[in-house]
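Everything below concerns the one structure shown next.
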Amino acid sequence: MHALALTLVAALSLSFARTVAGQEELPRHAGTNLVNETPAQHDARMAWFREAKFGMFIHWGAYSTAAGEWNGKLVRGAGEWLLSNAQITPEAYEPLRDQFNPVKFDAKRWVQIAKDAGMKYIVITSKHHDGFGLWDSPSSTWDVGSSPFAPRDPLLELAAACKDSGVRLCFYHSIMDWHHPDYLPRRPWDTRPTTDAVYDRYEAYMKAQLKELITGKYGKIGILWFDGEWEGTWTHEKGVALYDYVRALDPDIIVNNRVDTGRSGMEGITREGNYRGDYGTPEQQIPATGLADGVDWETCMTMNGTWGFDKNDHDWKSKTDLIHKLCDIASKGGNFLLNVGPTGEGEIPAPSVDRLEAMGAWMKVNSSAIYGSHANPFTEAPAWGRVTRGTNPQGGDRLYLMVFNWPVDGKLQLQGLLSGVGTVQILGQRTKQLFSHSQANGVTTFTLPTTPINPICTVVAVDLEGTLAIASKPVISAADEKFVGSLKVEVAASTSAELTYHYTVNGSEPTMQSAPATSPFTISATTTVKARGFYLGSAVTPIVSQTFELLTPLVAVQTLKSDAGLAYTSYAVPESIKNCGQIRAGNKEGQGVVAVPSVAVKPREEFFGLTFTGFIDVPEDGLYRFFVDSDDGSTLKVQGTMVVDNDELHSAAEKSGAIALAKGMHPIELDMFEGAGQDLLRVSWITPGAAKKVVVPATAWKH
């Protein structure tokens, strides 16, 4: 078997550029923007995080004492959101500080639970949204230093226990602060006057507290895990400044992407732009297909339904589910930050400990498949489980086959592996045994026992002969999936003589006799391109298919008169708003003309809607791809046709759509609404023949 150096690629790549021209240009590496460091320096800073893979999240604070109840009544929602969910004023909430006395807190016990589970780092809430500090801060009395638990310092005790156990200590710190008198905006039920509130003063307070945590007595901190960045008062500029401030205090510290405003909602990945943050933070979810190799991310997740302790929440994930999630995340190149919510007395709940013990038992045998692993190099996950890539003790390539569904006949098949296979063993065998295999037509079959060692997940370690070689799916690329006139399409050629890609343009399935992928070709009608990989004459990849649609440009309209800008109307909308269709049912607040569509004409900070009408003046015939970046929902219609549907409630997110237009004026309708939190509206386009998108200039908008 020949060793082929083949590259993992996505199944389908539409290669139109999506970088916004005119924004600050920062070098990108590993899915993040580099700030005052080289790629090598960034990799060195992130090295321990990439090796660790598995960490413990701890949500603990004054709310833990309440345990999900207020005045004897159950409060629905996350336990740590008690103040908000029960609509408690800060003054009424403050007695929880006087009740915070976790006499059963044992930092060594907590750290040992994490270490025994195979967790390499701990992220604890130094301060959550209620503003209560888990250390005695010189900057505040709203902290543990003014509680009955004083003079004990939980963070200091954890720092010592982590140091002794070789576990990295990290801090979660909320930007949002419902208690501080200078933080804005206030909750609707918080009746404190805002006339004397100065947000800059709150920022100074937050930075002072961060300096205490980073440069004080707690030793080297691994991660500053920010949250609560979604309210309108926190801006991209503030995020940049805070990231730079923290990195100046400790150049080695890792900072998550919630320091800035570029997080794509609960999906957590940093959006395009010059946003700060060293890694993405999906919340309560795992990316369906993973991310590009080398992009750093970490899924944070609860074991039950809440982060902070709630004595009424018994909806626990199973041990099997949690182990499978750990494998799934590792196979996609991410880290798993799994939460515990200790009680007000200071104990990690028994159901959490029970599940962590099960994960620890599995990790004791199979941790080599997780720690320092790389994402599954194959395009798809196998039906029987997950795959990670690592190295064997001799430094050679090794695949870890994490089998959830063990084959009843012991025949485990792996499609697409072209490398020669050396030794095959099962992790956790009492005595080392090697198992046989066979390879034919791009399918490797391993002959294994008919029963697994662990029914939850048994790991098969496969050492390869030479460099990893796989049959990647072919890549079909073009400027866009829609076009006017003609379009150049390319099926990327293989880098190996043994692996070849063949394609068809008539809807039939590719064979070895179909056209070889050697050079681009041109289409001039709506066409479905199908491509497949063949190894030594046998089909070894699934068929990849992409349809390219020919469009006819819409005829421009004739106007007697047109002036610069768009007409807009602003509305105050109810808090129940869910989509753009409800905007015009709100109260009309203002109207006028604006040079470019933006939230600059919003009538208030939250719960508003904006409608823009007029024309877009396009400079030539051709295909125009529009991008609408909004928070919350937005829709863009051109000549009554929905081009971009980015509707519904969501964090900042961008969607696009393409339409063919003739040179001249075309009627447009752009709607946007905002619920609570941050707001955003930006419209960009890729014009015919352009290499990248740019913000639509003011000269193109008319009314």
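Convention: chains lettered A, B, ... in structure tokens order; per-chain residue numbering from 1; ligands numbered from 1 as shown.
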
Spatial neighbours of A:Pro188, 10 Å, only C-alpha atoms, chain gap at least 3 places, as an MDAnalysis selection string: chainID A and resid 84 87 89 185 191

With C-alpha atoms retained, could you export that selection as a PDB file, in the first residue's frame?
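So again28.pdb came out as:
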```pdb
ATOM      1  CA  SER A  84     -33.424  38.084  37.112  1.00  0.00           C
ATOM      2  CA  GLN A  87     -37.292  39.864  39.451  1.00  0.00           C
ATOM      3  CA  THR A  89     -34.174  44.071  43.424  1.00  0.00           C
ATOM      4  CA  PRO A 185     -28.814  48.909  31.596  1.00  0.00           C
ATOM      5  CA  THR A 191     -35.916  51.117  40.747  1.00  0.00           C
TER       6      THR A 191
END
```

Excluding stretch 356-362 of chain A and residues on its chain fewer than 6 positions from it, collect all residues at most 10 Å away from it, counting only C-alpha atoms, and give them as a ChimeraX atom specification. /A:56,113-119,303,319-320,322-324,326,338,340,350,428,454,456-458

Each residue of stretch 324-412 of chain A with at least one atom at most 10 Å from stretch 269-285 of chain A should appear once, together with its nearest atom pair and the corresponding distance in Å (one decimal); atoms considered: only C-alpha atoms; ordering: chain, then increasing residue number; output as a tab-separated table.
```
residue	atom	partner	partner_atom	distance
A:Lys325	CA	A:Gln285	CA	9.7
A:Ile329	CA	A:Gln285	CA	9.8
A:Gly334	CA	A:Gly280	CA	9.3
A:Asn335	CA	A:Thr281	CA	9.5
A:Phe336	CA	A:Pro282	CA	9.9
A:Leu337	CA	A:Thr281	CA	9.6
A:Leu338	CA	A:Gln284	CA	9.8
```

Close residues, A:His29 itself excluded, 12 Å, only C-alpha atoms, min 3 positions apart in chain, as a ChimeraX atom specification: /A:26,32-35,37-43,46,277-279,292-296

Got a sec to tell me which of stretch 489-628 of chain A DSSP assigns to strand (DSSP E), as a ChimeraX atom specification? /A:489-491,499-504,515-516,521-523,527-535,538-539,544-550,566-572,587-594,608-618,622-628

Long-range neighbours of A:Leu249 as a PyMOL selection string, 8 Å cut-off, only C-alpha atoms, 6 positions minimum in chain: chain A and resi 211+214-215

Tell me, as a PyMOL selection string, which residues lie within 9 Å of A:Ser576, counting only C-alpha atoms; anything in the same chain fewer than 2 positions away does not count. chain A and resi 573-574+578+607+675

Which of these residues is nearest to A:Tyr121, using only C-alpha atoms: A:Asn339, A:Thr699, A:Ser140, A:Asn646? A:Asn339

Neighbour list for A:Gln591 as a PDB file with N, CA and C atoms, in the first residue's frame, cut-off 8 Å, only C-alpha atoms, skip fewer than 4 positions in-chain:
```pdb
ATOM      1  N   ALA A 567     -35.493  55.986   2.828  1.00  0.00           N
ATOM      2  CA  ALA A 567     -36.525  56.424   3.764  1.00  0.00           C
ATOM      3  C   ALA A 567     -36.641  55.385   4.866  1.00  0.00           C
ATOM      4  N   TYR A 568     -36.770  55.844   6.104  1.00  0.00           N
ATOM      5  CA  TYR A 568     -36.901  54.904   7.220  1.00  0.00           C
ATOM      6  C   TYR A 568     -38.061  55.295   8.113  1.00  0.00           C
ATOM      7  N   THR A 569     -38.586  54.313   8.803  1.00  0.00           N
ATOM      8  CA  THR A 569     -39.578  54.524   9.858  1.00  0.00           C
ATOM      9  C   THR A 569     -39.142  53.695  11.051  1.00  0.00           C
ATOM     10  N   SER A 570     -39.184  54.287  12.234  1.00  0.00           N
ATOM     11  CA  SER A 570     -38.817  53.572  13.463  1.00  0.00           C
ATOM     12  C   SER A 570     -40.056  53.310  14.304  1.00  0.00           C
TER      13      SER A 570
END
```

Do a neighbour search on A:Val638 at 10 Å with only C-alpha atoms, toss out local chain neighbours closer than 4 positions, and write the hits as a PyMOL selection string. chain A and resi 554+614-616+642-644+659+661+666-670

Now that the selection is made, can you save its residues with N, CA and C atoms as a short mmCIF file (atom, residue, chain, number, x, y, z; two decimals), in the first residue's frame?
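Produced file out25.cif, reproduced below:
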```
data_model
loop_
_atom_site.label_atom_id
_atom_site.label_comp_id
_atom_site.auth_asym_id
_atom_site.auth_seq_id
_atom_site.Cartn_x
_atom_site.Cartn_y
_atom_site.Cartn_z
N LEU A 554 -33.09 40.76 -13.28
CA LEU A 554 -34.34 41.50 -13.22
C LEU A 554 -34.15 42.88 -13.84
N GLY A 614 -36.80 52.12 -0.46
CA GLY A 614 -36.17 52.95 -1.48
C GLY A 614 -35.68 52.08 -2.62
N PHE A 615 -34.49 52.38 -3.11
CA PHE A 615 -33.93 51.66 -4.26
C PHE A 615 -32.46 51.36 -4.01
N ILE A 616 -31.99 50.31 -4.68
CA ILE A 616 -30.56 50.06 -4.75
C ILE A 616 -30.15 50.28 -6.20
N MET A 642 -37.76 37.90 -1.67
CA MET A 642 -36.95 37.74 -0.47
C MET A 642 -35.55 37.27 -0.87
N VAL A 643 -34.56 38.09 -0.60
CA VAL A 643 -33.18 37.76 -0.95
C VAL A 643 -32.42 37.26 0.27
N VAL A 644 -32.59 37.93 1.40
CA VAL A 644 -31.93 37.51 2.64
C VAL A 644 -32.98 37.41 3.74
N ILE A 659 -29.07 37.46 -6.06
CA ILE A 659 -30.10 37.80 -7.03
C ILE A 659 -29.42 38.42 -8.24
N LEU A 661 -29.43 41.09 -11.19
CA LEU A 661 -30.02 42.40 -11.43
C LEU A 661 -29.40 43.06 -12.66
N HIS A 666 -33.44 49.38 -8.41
CA HIS A 666 -34.31 48.27 -8.04
C HIS A 666 -34.91 48.54 -6.67
N PRO A 667 -36.24 48.44 -6.53
CA PRO A 667 -36.88 48.71 -5.24
C PRO A 667 -36.40 47.72 -4.17
N ILE A 668 -36.19 48.23 -2.98
CA ILE A 668 -35.79 47.36 -1.86
C ILE A 668 -36.65 47.65 -0.63
N GLU A 669 -36.79 46.61 0.20
CA GLU A 669 -37.42 46.74 1.51
C GLU A 669 -36.52 46.02 2.50
N LEU A 670 -36.06 46.75 3.50
CA LEU A 670 -35.19 46.18 4.53
C LEU A 670 -35.85 46.40 5.89
#
```

From a DSSP pass on the backbone, collect the residues of stretch 238-302 of chain A flagged as alpha helix (DSSP H) and hand them back as a PyMOL selection string. chain A and resi 238-249

Please, could you write that set of residues out with N, CA and C atoms as a JSON list (two decimals), in the first residue's frame?
```json
[["chain", "number", "residue", "atom", "x", "y", "z"],
["A", 238, "LYS", "N", -15.02, 48.35, 23.42],
["A", 238, "LYS", "CA", -14.76, 48.01, 24.81],
["A", 238, "LYS", "C", -14.16, 46.61, 24.92],
["A", 239, "GLY", "N", -14.64, 45.70, 24.07],
["A", 239, "GLY", "CA", -14.10, 44.35, 24.08],
["A", 239, "GLY", "C", -12.63, 44.32, 23.69],
["A", 240, "VAL", "N", -12.28, 45.09, 22.67],
["A", 240, "VAL", "CA", -10.88, 45.19, 22.25],
["A", 240, "VAL", "C", -10.03, 45.70, 23.41],
["A", 241, "ALA", "N", -10.50, 46.76, 24.06],
["A", 241, "ALA", "CA", -9.73, 47.36, 25.15],
["A", 241, "ALA", "C", -9.57, 46.39, 26.33],
["A", 242, "LEU", "N", -10.64, 45.63, 26.64],
["A", 242, "LEU", "CA", -10.56, 44.71, 27.77],
["A", 242, "LEU", "C", -9.63, 43.54, 27.46],
["A", 243, "TYR", "N", -9.71, 43.03, 26.24],
["A", 243, "TYR", "CA", -8.81, 41.94, 25.85],
["A", 243, "TYR", "C", -7.36, 42.41, 25.97],
["A", 244, "ASP", "N", -7.07, 43.58, 25.43],
["A", 244, "ASP", "CA", -5.70, 44.10, 25.49],
["A", 244, "ASP", "C", -5.27, 44.34, 26.93],
["A", 245, "TYR", "N", -6.18, 44.79, 27.77],
["A", 245, "TYR", "CA", -5.86, 45.05, 29.18],
["A", 245, "TYR", "C", -5.48, 43.75, 29.89],
["A", 246, "VAL", "N", -6.28, 42.73, 29.70],
["A", 246, "VAL", "CA", -6.02, 41.45, 30.38],
["A", 246, "VAL", "C", -4.73, 40.83, 29.88],
["A", 247, "ARG", "N", -4.50, 40.87, 28.56],
["A", 247, "ARG", "CA", -3.27, 40.29, 28.01],
["A", 247, "ARG", "C", -2.04, 41.09, 28.45],
["A", 248, "ALA", "N", -2.20, 42.38, 28.73],
["A", 248, "ALA", "CA", -1.08, 43.17, 29.24],
["A", 248, "ALA", "C", -0.75, 42.77, 30.68],
["A", 249, "LEU", "N", -1.77, 42.42, 31.45],
["A", 249, "LEU", "CA", -1.53, 41.96, 32.83],
["A", 249, "LEU", "C", -0.80, 40.63, 32.84]]
```

What separation in Å, quoted to one decimal, exists between atom CA of A:Val259 and atom CA of A:Phe226?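 Going from atom CA of A:Val259 over to atom CA of A:Phe226, I get 5.4 Å.
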
Rounded to one decimal, what separation in Å do you get between atom CA of A:Ile348 and atom CA of A:Trp110?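 Atom-to-atom, atom CA of A:Ile348 to atom CA of A:Trp110, that is 7.3 Å.
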
To one decimal in Å, tell me the separation between atom CA of A:Gly31 and atom CA of A:Trp48.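 Separation between atom CA of A:Gly31 and atom CA of A:Trp48: 17.2 Å.
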